[in-house]
file model31.txt (compact mmCIF, C-alpha atoms)
# COMPACT_ATOMS: atom_id res chain seq x y z
CA MET E 1 -62.94 4.68 9.21
CA ARG E 2 -65.91 6.99 9.52
CA SER E 3 -66.12 10.24 11.43
CA THR E 4 -68.87 12.71 12.16
CA GLY E 5 -68.56 16.44 12.34
CA ASP E 6 -70.25 19.62 11.23
CA TYR E 7 -70.58 18.20 7.72
CA GLY E 8 -72.16 14.89 8.69
CA VAL E 9 -70.67 11.49 8.01
CA TYR E 10 -67.61 11.34 5.80
CA HIS E 11 -64.88 8.85 5.04
CA SER E 12 -61.25 9.39 5.94
CA ALA E 13 -60.41 9.08 2.22
CA PHE E 14 -60.90 12.69 1.22
CA ASP E 15 -61.68 12.40 -2.46
CA ASN E 16 -65.18 11.06 -2.18
CA TYR E 17 -68.04 12.85 -3.90
CA ASP E 18 -69.18 14.75 -0.81
CA TRP E 19 -65.71 16.14 -0.05
CA PHE E 20 -65.14 17.03 -3.68
CA ARG E 21 -68.48 18.82 -4.00
CA ARG E 22 -68.00 20.79 -0.78
CA PHE E 23 -64.30 21.63 -0.88
CA GLY E 24 -62.56 20.44 -4.05
CA ASP E 25 -64.48 21.84 -7.01
CA SER E 26 -68.04 22.62 -6.01
CA THR E 27 -69.02 23.92 -9.45
CA PHE E 28 -67.00 21.25 -11.32
CA GLU E 29 -65.47 24.01 -13.48
CA TYR E 30 -61.89 22.87 -12.91
CA SER E 31 -62.79 19.26 -13.55
CA GLN E 32 -64.34 20.21 -16.89
CA GLU E 33 -61.29 22.27 -17.82
CA LEU E 34 -58.95 19.39 -16.96
CA SER E 35 -61.05 17.10 -19.12
CA ARG E 36 -60.68 19.52 -22.02
CA VAL E 37 -56.90 19.77 -21.59
CA PHE E 38 -56.45 15.99 -21.35
CA GLY E 39 -58.81 15.52 -24.29
CA LEU E 40 -56.69 17.85 -26.41
CA GLN E 41 -53.55 15.96 -25.38
CA VAL E 42 -55.10 12.65 -26.40
CA LEU E 43 -56.22 14.09 -29.75
CA ARG E 44 -52.74 15.56 -30.35
CA MET E 45 -51.12 12.19 -29.71
CA ALA E 46 -53.69 10.31 -31.78
CA GLU E 47 -53.24 12.59 -34.80
CA ALA E 48 -49.44 12.78 -34.70
CA ASP E 49 -47.43 10.70 -37.16
CA VAL E 50 -44.65 10.61 -34.57
CA LEU E 51 -45.47 10.63 -30.84
CA PRO E 52 -44.83 14.16 -29.53
CA TYR E 53 -42.26 13.34 -26.82
CA ASP E 54 -39.51 15.82 -26.03
CA TYR E 55 -36.82 13.73 -24.40
CA GLU E 56 -34.21 16.48 -24.59
CA SER E 57 -36.28 18.72 -22.29
CA TYR E 58 -37.17 15.72 -20.16
CA GLY E 59 -33.47 14.95 -19.73
CA MET E 60 -32.72 18.54 -18.74
CA ASP E 61 -35.55 18.40 -16.18
CA ILE E 62 -34.17 15.15 -14.76
CA SER E 63 -30.72 16.77 -14.47
CA ASN E 64 -32.28 19.65 -12.53
CA TYR E 65 -34.12 17.21 -10.24
CA LEU E 66 -30.84 15.40 -9.62
CA ARG E 67 -29.04 18.63 -8.69
CA THR E 68 -31.73 19.36 -6.11
CA ALA E 69 -31.61 15.79 -4.78
CA GLU E 70 -27.81 15.92 -4.53
CA THR E 71 -28.00 19.18 -2.55
CA ASN E 72 -30.64 17.69 -0.24
CA ALA E 73 -28.60 14.51 0.22
CA ALA E 74 -25.51 16.55 1.13
CA ASP E 75 -27.54 18.47 3.72
CA VAL E 76 -28.86 15.23 5.25
CA PHE E 77 -25.90 12.85 4.93
CA GLY E 78 -22.91 15.17 4.94
CA LYS E 79 -19.72 13.25 4.16
CA GLN E 80 -21.67 10.00 3.75
CA THR E 81 -23.59 11.34 0.76
CA PRO E 82 -23.70 8.73 -2.01
CA SER E 83 -22.06 9.70 -5.28
CA PHE E 84 -24.29 11.25 -7.90
CA THR E 85 -21.54 11.24 -10.55
CA GLU E 86 -22.79 8.26 -12.55
CA VAL E 87 -26.48 9.19 -12.42
CA ASN E 88 -25.64 12.76 -13.51
CA ALA E 89 -23.65 11.35 -16.44
CA ALA E 90 -26.58 9.06 -17.31
CA ALA E 91 -28.97 12.05 -17.27
CA ALA E 92 -26.60 14.01 -19.54
CA ARG E 93 -26.44 11.01 -21.90
CA PHE E 94 -30.24 10.83 -21.91
CA THR E 95 -30.48 14.54 -22.73
CA GLN E 96 -28.06 14.09 -25.64
CA ALA E 97 -29.97 11.03 -26.89
CA GLY E 98 -33.15 13.10 -26.59
CA ARG E 99 -31.60 15.81 -28.76
CA HIS E 100 -30.68 13.17 -31.36
CA ILE E 101 -34.15 11.62 -31.41
CA GLY E 102 -35.80 15.08 -31.49
CA GLN E 103 -33.98 15.85 -34.72
CA ALA E 104 -34.98 12.45 -36.10
CA GLU E 105 -38.65 13.09 -35.27
CA VAL E 106 -38.70 15.96 -37.78
CA THR E 107 -37.43 13.91 -40.71
CA ALA E 108 -38.65 10.41 -39.81
CA GLN E 109 -39.16 8.30 -42.94
CA ASP E 110 -40.61 5.40 -40.97
CA PRO E 111 -42.78 6.80 -38.14
CA ALA E 112 -43.82 3.31 -36.99
CA GLN E 113 -40.21 2.32 -36.28
CA LEU E 114 -39.55 5.57 -34.41
CA ASN E 115 -42.81 5.29 -32.44
CA ARG E 116 -41.87 1.76 -31.30
CA ILE E 117 -38.62 3.12 -29.87
CA LEU E 118 -40.37 6.09 -28.24
CA ILE E 119 -42.92 3.79 -26.59
CA GLN E 120 -40.19 1.43 -25.37
CA THR E 121 -38.30 4.40 -23.98
CA GLU E 122 -41.33 5.64 -22.10
CA ARG E 123 -41.93 2.17 -20.65
CA SER E 124 -38.30 1.89 -19.59
CA PHE E 125 -38.97 4.38 -16.78
CA LEU E 126 -41.07 1.81 -14.95
CA LEU E 127 -39.44 0.05 -12.02
CA SER E 128 -40.14 -3.69 -12.16
CA LYS E 129 -40.40 -3.92 -8.35
CA GLY E 130 -41.96 -0.49 -7.89
CA LEU E 131 -40.92 2.02 -5.26
CA PRO E 132 -39.61 0.91 -1.88
CA ARG E 133 -42.51 0.33 0.53
CA ARG E 134 -44.97 1.23 -2.28
CA PRO E 135 -44.49 -1.35 -5.04
CA TRP E 136 -47.74 -0.34 -6.76
CA PHE E 137 -46.09 2.93 -7.88
CA LYS E 138 -43.75 2.02 -10.72
CA HIS E 139 -42.48 5.25 -12.29
CA ALA E 140 -38.87 6.16 -11.52
CA ILE E 141 -39.25 9.89 -12.17
CA PHE E 142 -42.69 10.86 -10.81
CA ALA E 143 -45.00 9.51 -8.11
CA PRO E 144 -47.36 10.86 -5.50
CA SER E 145 -45.42 11.95 -2.45
CA GLU E 146 -45.40 9.44 0.37
CA LEU E 147 -45.31 12.02 3.13
CA LYS E 148 -47.00 15.07 1.61
CA VAL E 149 -50.60 14.19 0.92
CA TYR E 150 -51.35 15.84 -2.44
CA SER E 151 -47.96 16.85 -3.74
CA ALA E 152 -45.95 15.03 -6.36
CA SER E 153 -42.53 13.59 -5.75
CA VAL E 154 -39.79 13.76 -8.37
CA LEU E 155 -37.18 11.01 -8.34
CA PRO E 156 -39.35 9.37 -5.68
CA GLY E 157 -36.99 6.51 -4.78
CA ILE E 158 -34.05 8.83 -4.21
CA SER E 159 -36.18 11.50 -2.53
CA GLU E 160 -37.77 9.04 -0.14
CA GLY E 161 -34.36 7.60 0.76
CA ILE E 162 -33.18 11.10 1.63
CA ASP E 163 -36.41 11.94 3.51
CA GLN E 164 -36.05 8.72 5.53
CA ARG E 165 -32.37 9.51 6.20
CA ASP E 166 -31.49 6.10 4.78
CA VAL E 167 -28.15 6.43 3.01
CA GLU E 168 -28.16 2.83 1.75
CA LEU E 169 -31.65 3.14 0.23
CA THR E 170 -30.61 6.40 -1.40
CA ARG E 171 -27.52 4.73 -2.89
CA VAL E 172 -29.58 1.77 -4.20
CA GLU E 173 -32.14 4.11 -5.76
CA ILE E 174 -29.40 6.21 -7.40
CA GLU E 175 -28.00 3.02 -8.95
CA ALA E 176 -31.47 1.97 -10.15
CA LEU E 177 -32.09 5.35 -11.78
CA THR E 178 -28.65 5.25 -13.41
CA LYS E 179 -29.51 1.91 -15.04
CA ILE E 180 -32.90 3.17 -16.17
CA LEU E 181 -31.48 6.33 -17.73
CA ASN E 182 -28.72 4.43 -19.51
CA HIS E 183 -31.23 1.89 -20.82
CA ALA E 184 -33.55 4.68 -22.02
CA SER E 185 -30.60 6.40 -23.69
CA ALA E 186 -29.56 3.19 -25.44
CA LEU E 187 -33.08 2.79 -26.79
CA LEU E 188 -33.11 6.32 -28.20
CA GLU E 189 -29.59 5.90 -29.60
CA SER E 190 -30.64 2.68 -31.32
CA TYR E 191 -32.86 4.55 -33.77
CA HIS E 192 -31.31 4.61 -37.22
CA PRO E 193 -33.58 5.70 -40.08
CA ARG E 194 -33.89 3.10 -42.79

call {"tool": "encode", "arguments": {"input": "model31.txt", "output": "structure tokens"}}
result
Amino acid sequence: MRSTGDYGVYHSAFDNYDWFRRFGDSTFEYSQELSRVFGLQVLRMAEADVLPYDYESYGMDISNYLRTAETNAADVFGKQTPSFTEVNAAAARFTQAGRHIGQAEVTAQDPAQLNRILIQTERSFLLSKGLPRRPWFKHAIFAPSELKVYSASVLPGISEGIDQRDVELTRVEIEALTKILNHASALLESYHPR
């Protein structure tokens, strides 16, 4: 779709070069800074003996996201709110497993073995079927928001179920996240130094 206006012809997809140059980052200063930050992150990961993942903090963040989602669900669904008990327990288990693996990262005798588990854990957050109505987005914890153009969505499956006032979808997504968190925890718990 093309439109005309004071700025000439532009596409409805905002992030084309013309839009970016005029409104997004006309001097490209922020883009350069982002490149530097991401470059440093890549170098940090490439030089680390053990991948620098902090699953304990990640688990605590997920628990916080779940508390917010549970409050939002109660506001929307009232007495029909699906139970968050099991997913909260799974998040607590993941936090504990993250604490265990964080201690192991410091004294790892076999970094390759530990890195394999860390990579598998990271991959375990991908949904095989993707998000409802957006199967191309696979991550269970973070995705672009469906309804808010540039904002991120945390726990996107659960959040979108709540936003759509779909109690069954919310319940299904809570169950899916519970399985993912328990699987990720089991992976972290499986690490035993040789």

call {"tool": "residues_around", "arguments": {"input": "model31.txt", "residues": "Ala143 (chain E)", "least_positions_apart": "4", "cutoff": "7 Å", "atoms": "all atoms listed in the file", "output": "count of residues only"}}
result
6

call {"tool": "atom_distance", "arguments": {"input": "model31.txt", "atom1": "CA of Leu155 (chain E)", "atom2": "CA of His183 (chain E)"}}
result
16.6 Å

call {"tool": "closest_residue", "arguments": {"input": "model31.txt", "among": "E:Ile180, E:Ala73, E:Ala97, E:Ala92", "to": "Asp166 (chain E)", "atoms": "only C-alpha atoms"}}
result
E:Ala73

call {"tool": "atom_distance", "arguments": {"input": "model31.txt", "atom1": "CA of Ser145 (chain E)", "atom2": "CA of Phe20 (chain E)"}}
result
20.4 Å

call {"tool": "closest_residue", "arguments": {"input": "model31.txt", "among": "E:Phe94, E:Phe84, E:Trp136, E:Trp19", "to": "Glu175 (chain E)", "atoms": "all atoms listed in the file"}}
result
E:Phe84

call {"tool": "atom_distance", "arguments": {"input": "model31.txt", "atom1": "CA of Asp61 (chain E)", "atom2": "CA of Gly102 (chain E)"}}
result
15.7 Å

call {"tool": "residues_near_point", "arguments": {"input": "model31.txt", "point": "(-34.2, 4.6, -37.9)", "cutoff": "10 Å", "atoms": "only C-alpha atoms", "output": "JSON, numbers by chain"}}
result
{"E": [101, 104, 105, 108, 109, 110, 111, 112, 113, 114, 117, 188, 189, 190, 191, 192, 193, 194]}

call {"tool": "closest_residue", "arguments": {"input": "model31.txt", "among": "E:Phe77, E:Tyr55, E:Phe23, E:Tyr17", "to": "Arg99 (chain E)", "atoms": "only C-alpha atoms"}}
result
E:Tyr55

call {"tool": "closest_residue", "arguments": {"input": "model31.txt", "among": "E:Ala184, E:Ala90, E:Ala69, E:Leu126", "to": "Ala140 (chain E)", "atoms": "only C-alpha atoms"}}
result
E:Leu126

call {"tool": "residues_around", "arguments": {"input": "model31.txt", "residues": "Asn64 (chain E)", "least_positions_apart": "5", "cutoff": "10 Å", "atoms": "all atoms listed in the file", "output": "PyMOL selection string"}}
result
chain E and resi 58-59+69-70+88+91

call {"tool": "axis_aligned_box", "arguments": {"input": "model31.txt", "around": "region 121-138 of chain E", "padding_each_side": "8 Å", "output": "lines of an AutoDock Vina configuration file"}}
result
center_x = -43.0
center_y = 0.9
center_z = -11.7
size_x = 25.4
size_y = 25.6
size_z = 40.5

call {"tool": "closest_residue", "arguments": {"input": "model31.txt", "among": "E:Ala48, E:Ser159, E:Leu177, E:Ser124", "to": "Thr71 (chain E)", "atoms": "all atoms listed in the file"}}
result
E:Ser159

call {"tool": "residues_around", "arguments": {"input": "model31.txt", "residues": "Asp75 (chain E)", "least_positions_apart": "5", "cutoff": "12 Å", "atoms": "all atoms listed in the file", "output": "list of chain:residue names"}}
result
E:Thr68, E:Ala69, E:Glu70, E:Gln80, E:Thr81, E:Pro82, E:Ile162, E:Asp163, E:Arg165

call {"tool": "write_last_selection", "arguments": {"input": "model31.txt", "atoms": "C-alpha atoms", "output": "tab-separated table (two decimals), in the coordinates of the input"}}
result
chain	number	residue	atom	x	y	z
E	68	THR	CA	-31.73	19.36	-6.11
E	69	ALA	CA	-31.61	15.79	-4.78
E	70	GLU	CA	-27.81	15.92	-4.53
E	80	GLN	CA	-21.67	10.00	3.75
E	81	THR	CA	-23.59	11.34	0.76
E	82	PRO	CA	-23.70	8.73	-2.01
E	162	ILE	CA	-33.18	11.10	1.63
E	163	ASP	CA	-36.41	11.94	3.51
E	165	ARG	CA	-32.37	9.51	6.20

call {"tool": "closest_residue", "arguments": {"input": "model31.txt", "among": "E:Leu187, E:Val50, E:Leu34, E:Leu169", "to": "Gln120 (chain E)", "atoms": "all atoms listed in the file"}}
result
E:Leu187

call {"tool": "residues_around", "arguments": {"input": "model31.txt", "residues": "Leu51 (chain E)", "least_positions_apart": "2", "cutoff": "8 Å", "atoms": "all atoms listed in the file", "output": "list in words"}}
result
Met45, Ala48, Asp49, Tyr53, Asn115 and Leu118 of chain E
